[in-house]
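Listing of entry_14.csv; format and content: CSV, C-alpha atoms and all ligand atoms.
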```csv
chain,number,residue,atom,x,y,z
A,410,MET,CA,16.4,-29.1,-39.7
A,411,ARG,CA,12.7,-29.6,-40.4
A,412,VAL,CA,11.3,-27.4,-43.2
A,413,THR,CA,7.5,-26.9,-43.7
A,414,PHE,CA,5.9,-24.9,-46.6
A,415,THR,CA,2.4,-23.4,-46.1
A,416,PRO,CA,0.9,-21.8,-49.2
A,417,ILE,CA,-1.2,-18.6,-48.7
A,418,HIS,CA,-4.2,-17.9,-50.9
A,419,ARG,CA,-6.1,-14.8,-51.7
A,420,ARG,CA,-9.9,-14.8,-51.5
A,421,ASP,CA,-10.2,-15.7,-55.1
A,422,LYS,CA,-8.0,-18.7,-54.4
A,423,SER,CA,-5.0,-17.4,-56.3
A,424,ALA,CA,-1.7,-17.9,-54.6
A,425,SER,CA,-0.2,-14.9,-52.9
A,426,GLY,CA,2.8,-16.4,-51.2
A,427,THR,CA,4.2,-19.2,-49.0
A,428,ILE,CA,5.1,-19.3,-45.4
A,429,VAL,CA,8.4,-21.3,-44.9
A,430,VAL,CA,9.1,-22.5,-41.4
A,431,LEU,CA,12.6,-23.7,-40.6
A,432,GLN,CA,12.7,-25.7,-37.4
A,433,ASP,CA,15.9,-26.8,-35.7
A,434,VAL,CA,15.1,-30.3,-34.5
A,435,THR,CA,18.6,-31.6,-34.1
A,436,GLU,CA,18.7,-31.0,-30.3
A,437,GLN,CA,15.2,-32.4,-29.8
A,438,GLU,CA,16.0,-35.5,-32.0
A,439,LYS,CA,19.3,-36.0,-30.1
A,440,LEU,CA,17.4,-36.0,-26.8
A,441,GLU,CA,14.7,-38.4,-28.1
A,442,GLN,CA,17.4,-40.7,-29.4
A,443,SER,CA,19.3,-40.7,-26.1
A,444,ARG,CA,16.0,-41.4,-24.3
A,445,ARG,CA,15.3,-44.4,-26.6
A,446,GLU,CA,18.9,-45.7,-26.2
A,447,PHE,CA,18.5,-45.4,-22.4
A,448,VAL,CA,15.3,-47.4,-22.3
A,449,ALA,CA,16.8,-50.0,-24.6
A,450,ASN,CA,19.9,-50.3,-22.4
A,451,VAL,CA,17.8,-50.5,-19.1
A,452,SER,CA,15.7,-53.3,-20.7
A,453,HIS,CA,18.7,-55.2,-21.9
A,454,GLU,CA,20.6,-54.8,-18.5
A,455,LEU,CA,17.5,-56.2,-16.7
A,456,ARG,CA,16.8,-58.9,-19.1
A,457,THR,CA,20.3,-60.4,-19.0
A,458,PRO,CA,20.2,-61.3,-15.3
A,459,LEU,CA,16.6,-62.4,-15.5
A,460,THR,CA,17.4,-64.8,-18.3
A,461,THR,CA,20.3,-66.3,-16.3
A,462,ILE,CA,18.1,-66.6,-13.2
A,463,LYS,CA,15.4,-68.3,-15.2
A,464,SER,CA,17.7,-70.9,-16.7
A,465,TYR,CA,19.4,-71.7,-13.4
A,466,ALA,CA,16.1,-72.1,-11.7
A,467,GLU,CA,15.0,-74.5,-14.5
A,468,ALA,CA,18.2,-76.5,-14.1
A,469,LEU,CA,17.5,-76.7,-10.3
A,470,GLU,CA,14.0,-77.9,-11.1
A,471,ASP,CA,15.3,-80.4,-13.6
A,472,GLY,CA,17.4,-82.2,-11.1
A,473,ALA,CA,20.3,-80.1,-10.0
A,474,LEU,CA,18.6,-79.7,-6.7
A,475,GLN,CA,19.3,-83.4,-6.0
A,476,GLU,CA,23.0,-82.9,-6.2
A,477,LYS,CA,24.0,-80.9,-3.1
A,478,GLU,CA,27.2,-79.3,-4.4
A,479,LEU,CA,25.7,-78.4,-7.9
A,480,GLY,CA,22.5,-77.1,-6.3
A,481,GLU,CA,24.4,-74.8,-4.0
A,482,ARG,CA,26.5,-73.5,-6.8
A,483,PHE,CA,23.4,-72.7,-8.9
A,484,VAL,CA,21.6,-71.0,-6.0
A,485,GLY,CA,24.8,-68.9,-5.6
A,486,VAL,CA,24.6,-67.8,-9.2
A,487,ILE,CA,21.0,-66.8,-8.8
A,488,ARG,CA,21.8,-64.8,-5.6
A,489,ASN,CA,24.6,-63.0,-7.4
A,490,GLU,CA,22.4,-62.0,-10.3
A,491,VAL,CA,19.6,-60.8,-8.0
A,492,GLU,CA,22.2,-58.7,-6.1
A,493,ARG,CA,23.4,-57.2,-9.3
A,494,MET,CA,19.8,-56.4,-10.3
A,495,ILE,CA,19.2,-54.7,-6.9
A,496,ARG,CA,22.4,-52.6,-7.4
A,497,LEU,CA,21.2,-51.7,-10.9
A,498,VAL,CA,17.7,-50.6,-9.8
A,499,THR,CA,19.2,-48.7,-6.9
A,500,ASP,CA,21.5,-46.8,-9.2
A,501,LEU,CA,18.7,-46.1,-11.7
A,502,LEU,CA,16.5,-44.7,-8.9
A,503,HIS,CA,19.4,-42.5,-7.7
A,504,LEU,CA,20.0,-41.2,-11.3
A,505,SER,CA,16.3,-40.5,-11.8
A,506,ARG,CA,16.2,-38.5,-8.5
A,507,LEU,CA,19.3,-36.6,-9.6
A,508,ASP,CA,17.8,-35.9,-13.0
A,509,SER,CA,14.6,-34.5,-11.6
A,510,SER,CA,16.4,-32.6,-8.9
A,511,GLN,CA,14.4,-34.5,-6.3
A,512,ALA,CA,17.5,-35.0,-4.2
A,513,PRO,CA,18.2,-31.5,-2.7
A,514,LEU,CA,21.8,-31.3,-1.5
A,515,ARG,CA,22.2,-31.3,2.3
A,516,ARG,CA,25.5,-29.5,2.5
A,517,GLN,CA,27.7,-29.3,5.5
A,518,GLU,CA,31.1,-28.0,6.3
A,519,THR,CA,33.5,-30.9,5.7
A,520,ASP,CA,37.1,-31.7,6.5
A,521,ILE,CA,38.6,-33.1,3.3
A,522,ALA,CA,41.5,-35.0,4.9
A,523,GLU,CA,39.1,-36.8,7.3
A,524,MET,CA,36.7,-37.6,4.4
A,525,LEU,CA,39.5,-39.1,2.2
A,526,GLU,CA,41.0,-41.1,5.1
A,527,GLU,CA,37.5,-42.5,5.9
A,528,VAL,CA,37.1,-43.7,2.2
A,529,ALA,CA,40.4,-45.5,2.4
A,530,ASP,CA,39.4,-47.1,5.6
A,531,ARG,CA,36.1,-48.3,4.1
A,532,PHE,CA,38.0,-50.1,1.4
A,533,SER,CA,40.8,-51.4,3.6
A,534,PHE,CA,39.6,-55.0,3.3
A,535,GLN,CA,39.4,-55.0,-0.5
A,536,LEU,CA,42.7,-53.2,-0.7
A,537,ARG,CA,44.4,-55.8,1.5
A,538,GLN,CA,42.8,-58.6,-0.5
A,539,LYS,CA,44.4,-57.4,-3.7
A,540,SER,CA,47.6,-56.2,-2.0
A,541,ILE,CA,47.0,-52.7,-3.4
A,542,HIS,CA,48.9,-49.9,-1.6
A,543,ALA,CA,46.7,-46.9,-0.9
A,544,GLU,CA,47.9,-43.4,-0.1
A,545,VAL,CA,46.1,-40.2,0.9
A,546,GLN,CA,47.9,-36.9,0.1
A,547,ILE,CA,46.4,-33.6,1.3
A,548,ALA,CA,47.9,-30.2,0.4
A,549,GLU,CA,48.6,-28.1,3.4
A,550,GLU,CA,46.5,-25.2,2.3
A,551,ILE,CA,43.3,-27.2,1.9
A,552,THR,CA,40.3,-25.5,3.5
A,553,PRO,CA,37.0,-27.1,4.5
A,554,ALA,CA,34.5,-27.9,1.8
A,555,TRP,CA,30.8,-27.2,1.5
A,556,LEU,CA,29.2,-30.4,0.3
A,557,ASP,CA,26.6,-33.1,0.8
A,558,ARG,CA,28.6,-35.7,2.6
A,559,ASP,CA,26.4,-38.7,1.6
A,560,GLN,CA,26.5,-37.8,-2.0
A,561,ILE,CA,30.2,-37.1,-2.2
A,562,ASP,CA,30.9,-40.3,-0.3
A,563,GLN,CA,29.0,-42.1,-3.0
A,564,VAL,CA,31.2,-40.4,-5.7
A,565,LEU,CA,34.3,-41.4,-3.8
A,566,ASP,CA,33.0,-45.0,-3.3
A,567,ASN,CA,32.3,-45.3,-7.0
A,568,LEU,CA,35.7,-44.0,-8.0
A,569,VAL,CA,37.7,-46.0,-5.4
A,570,SER,CA,35.8,-49.2,-6.2
A,571,ASN,CA,36.6,-48.7,-9.9
A,572,ALA,CA,40.2,-48.0,-9.1
A,573,ILE,CA,40.4,-51.3,-7.1
A,574,LYS,CA,38.4,-53.3,-9.7
A,575,TYR,CA,40.5,-52.2,-12.6
A,576,THR,CA,43.9,-52.4,-10.9
A,577,MET,CA,46.0,-55.6,-10.8
A,578,ASP,CA,47.1,-57.2,-7.5
A,579,GLY,CA,50.1,-55.3,-6.1
A,580,GLY,CA,49.2,-52.0,-7.8
A,581,SER,CA,48.7,-48.7,-6.0
A,582,ILE,CA,46.0,-46.0,-5.6
A,583,GLU,CA,46.4,-42.4,-4.5
A,584,LEU,CA,43.7,-40.1,-3.2
A,585,SER,CA,44.8,-36.5,-3.2
A,586,ALA,CA,43.4,-33.0,-2.6
A,587,ILE,CA,44.8,-29.7,-3.7
A,588,MET,CA,43.5,-26.1,-4.1
A,589,THR,CA,43.0,-24.9,-7.7
A,590,ASP,CA,44.1,-21.5,-8.9
A,591,ALA,CA,40.4,-20.5,-8.9
A,592,GLY,CA,40.2,-21.3,-5.2
A,593,SER,CA,38.2,-24.5,-5.4
A,594,ILE,CA,39.1,-27.9,-4.0
A,595,SER,CA,40.3,-30.5,-6.5
A,596,ILE,CA,40.2,-34.1,-5.5
A,597,SER,CA,41.8,-36.9,-7.5
A,598,VAL,CA,41.6,-40.7,-7.4
A,599,LYS,CA,44.6,-42.2,-9.3
A,600,ASP,CA,45.4,-45.8,-10.0
A,601,THR,CA,48.1,-47.9,-11.7
A,602,GLY,CA,45.5,-50.1,-13.3
A,603,ILE,CA,44.6,-51.4,-16.8
A,604,GLY,CA,43.7,-47.9,-18.1
A,605,ILE,CA,41.2,-47.0,-20.8
A,606,PRO,CA,41.9,-46.8,-24.5
A,607,LYS,CA,41.9,-43.2,-25.9
A,608,LYS,CA,39.0,-44.0,-28.2
A,609,ASP,CA,36.7,-44.7,-25.3
A,610,LEU,CA,37.5,-41.7,-23.2
A,611,SER,CA,34.9,-39.3,-24.8
A,612,ARG,CA,32.0,-41.6,-23.9
A,613,ILE,CA,33.2,-42.9,-20.6
A,614,PHE,CA,30.7,-40.8,-18.6
A,615,ASP,CA,27.7,-41.9,-20.7
A,616,ARG,CA,25.1,-44.1,-19.0
A,617,PHE,CA,25.9,-47.8,-19.4
A,618,TYR,CA,29.1,-47.1,-21.4
A,619,ARG,CA,31.7,-49.7,-20.6
A,620,VAL,CA,35.1,-50.4,-22.2
A,621,ASP,CA,34.6,-54.1,-21.7
A,622,LYS,CA,31.0,-55.1,-21.0
A,623,ALA,CA,31.7,-58.7,-20.0
A,624,ARG,CA,34.5,-57.7,-17.6
A,625,SER,CA,32.4,-55.0,-16.0
A,626,ARG,CA,29.5,-57.4,-15.5
A,627,ASN,CA,31.7,-60.1,-14.1
A,628,MET,CA,32.9,-57.6,-11.6
A,629,GLY,CA,29.4,-56.7,-10.6
A,630,GLY,CA,29.4,-53.3,-12.3
A,631,THR,CA,26.3,-51.6,-13.5
A,632,GLY,CA,27.9,-49.1,-16.0
A,633,LEU,CA,26.3,-46.2,-14.1
A,634,GLY,CA,28.9,-45.4,-11.5
A,635,LEU,CA,30.7,-42.6,-13.5
A,636,SER,CA,27.4,-41.1,-14.7
A,637,ILE,CA,26.1,-40.9,-11.2
A,638,ALA,CA,29.4,-39.3,-10.1
A,639,ARG,CA,29.1,-36.7,-12.8
A,640,GLU,CA,25.5,-35.7,-11.9
A,641,ILE,CA,26.4,-35.4,-8.2
A,642,ILE,CA,29.5,-33.2,-9.0
A,643,LYS,CA,27.4,-31.1,-11.4
A,644,ALA,CA,24.8,-30.5,-8.7
A,645,HIS,CA,27.6,-29.2,-6.4
A,646,GLY,CA,28.6,-26.8,-9.1
A,647,GLY,CA,31.9,-28.6,-9.8
A,648,THR,CA,33.4,-30.5,-12.8
A,649,ILE,CA,34.7,-34.0,-13.2
A,650,THR,CA,37.3,-35.2,-15.7
A,651,LEU,CA,39.0,-38.5,-16.4
A,652,ASP,CA,42.3,-39.1,-17.9
A,653,SER,CA,43.8,-42.5,-18.7
A,654,GLU,CA,46.7,-44.3,-20.4
A,655,TRP,CA,45.9,-47.8,-21.6
A,656,ASN,CA,48.0,-50.3,-19.5
A,657,GLU,CA,49.3,-47.5,-17.3
A,658,GLY,CA,46.5,-46.2,-15.1
A,659,THR,CA,43.7,-43.8,-14.7
A,660,ILE,CA,43.1,-40.5,-12.9
A,661,VAL,CA,39.7,-39.0,-12.1
A,662,THR,CA,39.6,-35.5,-10.9
A,663,PHE,CA,36.7,-33.4,-9.6
A,664,THR,CA,36.3,-30.0,-8.1
A,665,LEU,CA,34.2,-28.9,-5.1
A,666,PRO,CA,33.4,-25.6,-3.6
A,667,THR,CA,35.1,-24.4,-0.4
A,668,LEU,CA,33.2,-23.1,2.6
A,669,GLN,CA,34.1,-19.5,1.4
A,670,GLU,CA,32.5,-20.2,-2.0
A,671,ARG,CA,29.3,-21.2,-0.1
A,672,GLY,CA,27.4,-18.0,-1.2
A,673,THR,CA,28.1,-18.5,-4.9
A,674,ALA,CA,27.5,-22.3,-4.8
A,675,GLU,CA,23.9,-22.1,-3.8
B,701,LIG,P1,31.1,-50.0,-14.0
B,701,LIG,O1,30.0,-50.3,-13.1
B,701,LIG,O2,31.1,-50.8,-15.3
B,701,LIG,O3,32.4,-49.9,-13.3
B,701,LIG,P2,31.3,-47.1,-14.4
B,701,LIG,O4,30.3,-46.1,-14.9
B,701,LIG,O5,31.8,-46.9,-13.0
B,701,LIG,O6,30.7,-48.5,-14.6
B,701,LIG,O7,32.6,-47.1,-15.3
B,701,LIG,C1,32.3,-47.2,-16.7
B,701,LIG,C2,33.5,-47.9,-17.4
B,701,LIG,O8,34.7,-47.1,-17.3
B,701,LIG,C3,33.9,-49.2,-16.7
B,701,LIG,O9,33.1,-50.3,-17.2
B,701,LIG,C4,35.3,-49.4,-17.2
B,701,LIG,O10,35.4,-49.9,-18.5
B,701,LIG,C5,35.8,-48.0,-17.2
B,701,LIG,N1,36.5,-47.5,-16.0
B,701,LIG,C6,36.0,-46.8,-15.0
B,701,LIG,N2,37.0,-46.5,-14.0
B,701,LIG,C7,38.1,-47.2,-14.5
B,701,LIG,C8,39.4,-47.3,-13.9
B,701,LIG,N3,39.8,-46.7,-12.8
B,701,LIG,N4,40.3,-48.0,-14.7
B,701,LIG,C9,40.0,-48.6,-15.9
B,701,LIG,N5,38.7,-48.5,-16.4
B,701,LIG,C10,37.8,-47.8,-15.7
```

Rewrite the structure from the file as structure tokens, please.
Amino acid sequence: MRVTFTPIHRRDKSASGTIVVLQDVTEQEKLEQSRREFVANVSHELRTPLTTIKSYAEALEDGALQEKELGERFVGVIRNEVERMIRLVTDLLHLSRLDSSQAPLRRQETDIAEMLEEVADRFSFQLRQKSIHAEVQIAEEITPAWLDRDQIDQVLDNLVSNAIKYTMDGGSIELSAIMTDAGSISISVKDTGIGIPKKDLSRIFDRFYRVDKARSRNMGGTGLGLSIAREIIKAHGGTITLDSEWNEGTIVTFTLPTLQERGTAE
């Protein structure tokens, strides 16, 4: 709360009163603080790979280039860091388009079963690599959805790639769809992975928030996947929630409008 006092004077300069203005600045301050945090986070996230690239390039210059095996390993590190930076910048651009509503939704009638089967297919190689069993469960009464296929594919890709990243070899993942009591479609991605401690759950959709920064970075994560998913679901008029038990697994659930809800969703 900001309080300003302005004295009022009569012509003869004697005081006649005071104007007191009470201004609620908490919301504005919060916004300003989250903007500052965001800029600091972006700078840090970009600086880290740049510093690594610089030191490996210097090591190559200082002689590592002469040793074939070492040189190749260092070039590999540089390429990985560059790829992570590209992913980061792509995610940032996507978020900024979503923030400024520059990405109008191109909705189309979509068959949910087909969409979920296709996600599982896209990840079949990674699933096999980690011997993770994946299952798709679709409730019989599911009706077609009214959604932007590219954007929802991105949400599903983010969620399934997290589920794979944070699940040990031999675990399992389930993609399911049911109708809610309110008549929307509810899609869940459930895994039997490492889970998230309760204390982290309230911040998990925040930009750059990660339970274990080092682990996420090592796995090529940008810390933006869940925030992008949330923005896309919000733009569709749906909601997204995450529930998790440490060492047991995680379930992310989001809702989408049906074709019948088309009128109210736009
Ligand atoms: P990242 O690129 O780090 O995966 P996300 O925004 O997608 O970023 O996720 C934020 C953080 O949430 C992750 O760093 C991880 O700590 C946690 N997380 C997300 N999904 C899962 C999951 N399925 N199991 C365990 N932890 C998860």

May I ask for the distance between CA of Phe534 in chain A and CA of Met628 in chain A, given in Å to one decimal place?
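CA of Met628 in chain A lies 16.5 Å from CA of Phe534 in chain A.
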
Counting all atoms listed in the file, the option among A:Gly592, A:Gly647, A:Gly602, A:Pro553 closest to ligand LIG 701 (chain B)
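Looking at the shortest contact to ligand LIG 701 (chain B), the residue is A:Gly602.
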
Could you pull the residues within 6 Å of range 506-523 of chain A, counting all atoms listed in the file, minus those fewer than 3 positions along the same chain, as a PyMOL selection string?
chain A and resi 503+526+553-557

Considering all atoms listed in the file, can you say which of A:Glu467, A:Glu640, A:Asp652, A:Glu549 comes closest to Lys599 in chain A?
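So, comparing all the options, the nearest one is A:Asp652.
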
Pick from A:Arg420, A:Arg626, A:Lys574, A:Arg616 nearest to Arg639 in chain A, counting only C-alpha atoms:
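Of all the options, A:Arg616 lies closest to Arg639 in chain A.
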
Selected residue, from A:Glu478, A:Asp500, A:Glu441, A:Asp578, that lies nearest to ligand LIG 701 (chain B) when counting only C-alpha atoms and all ligand atoms
A:Asp500
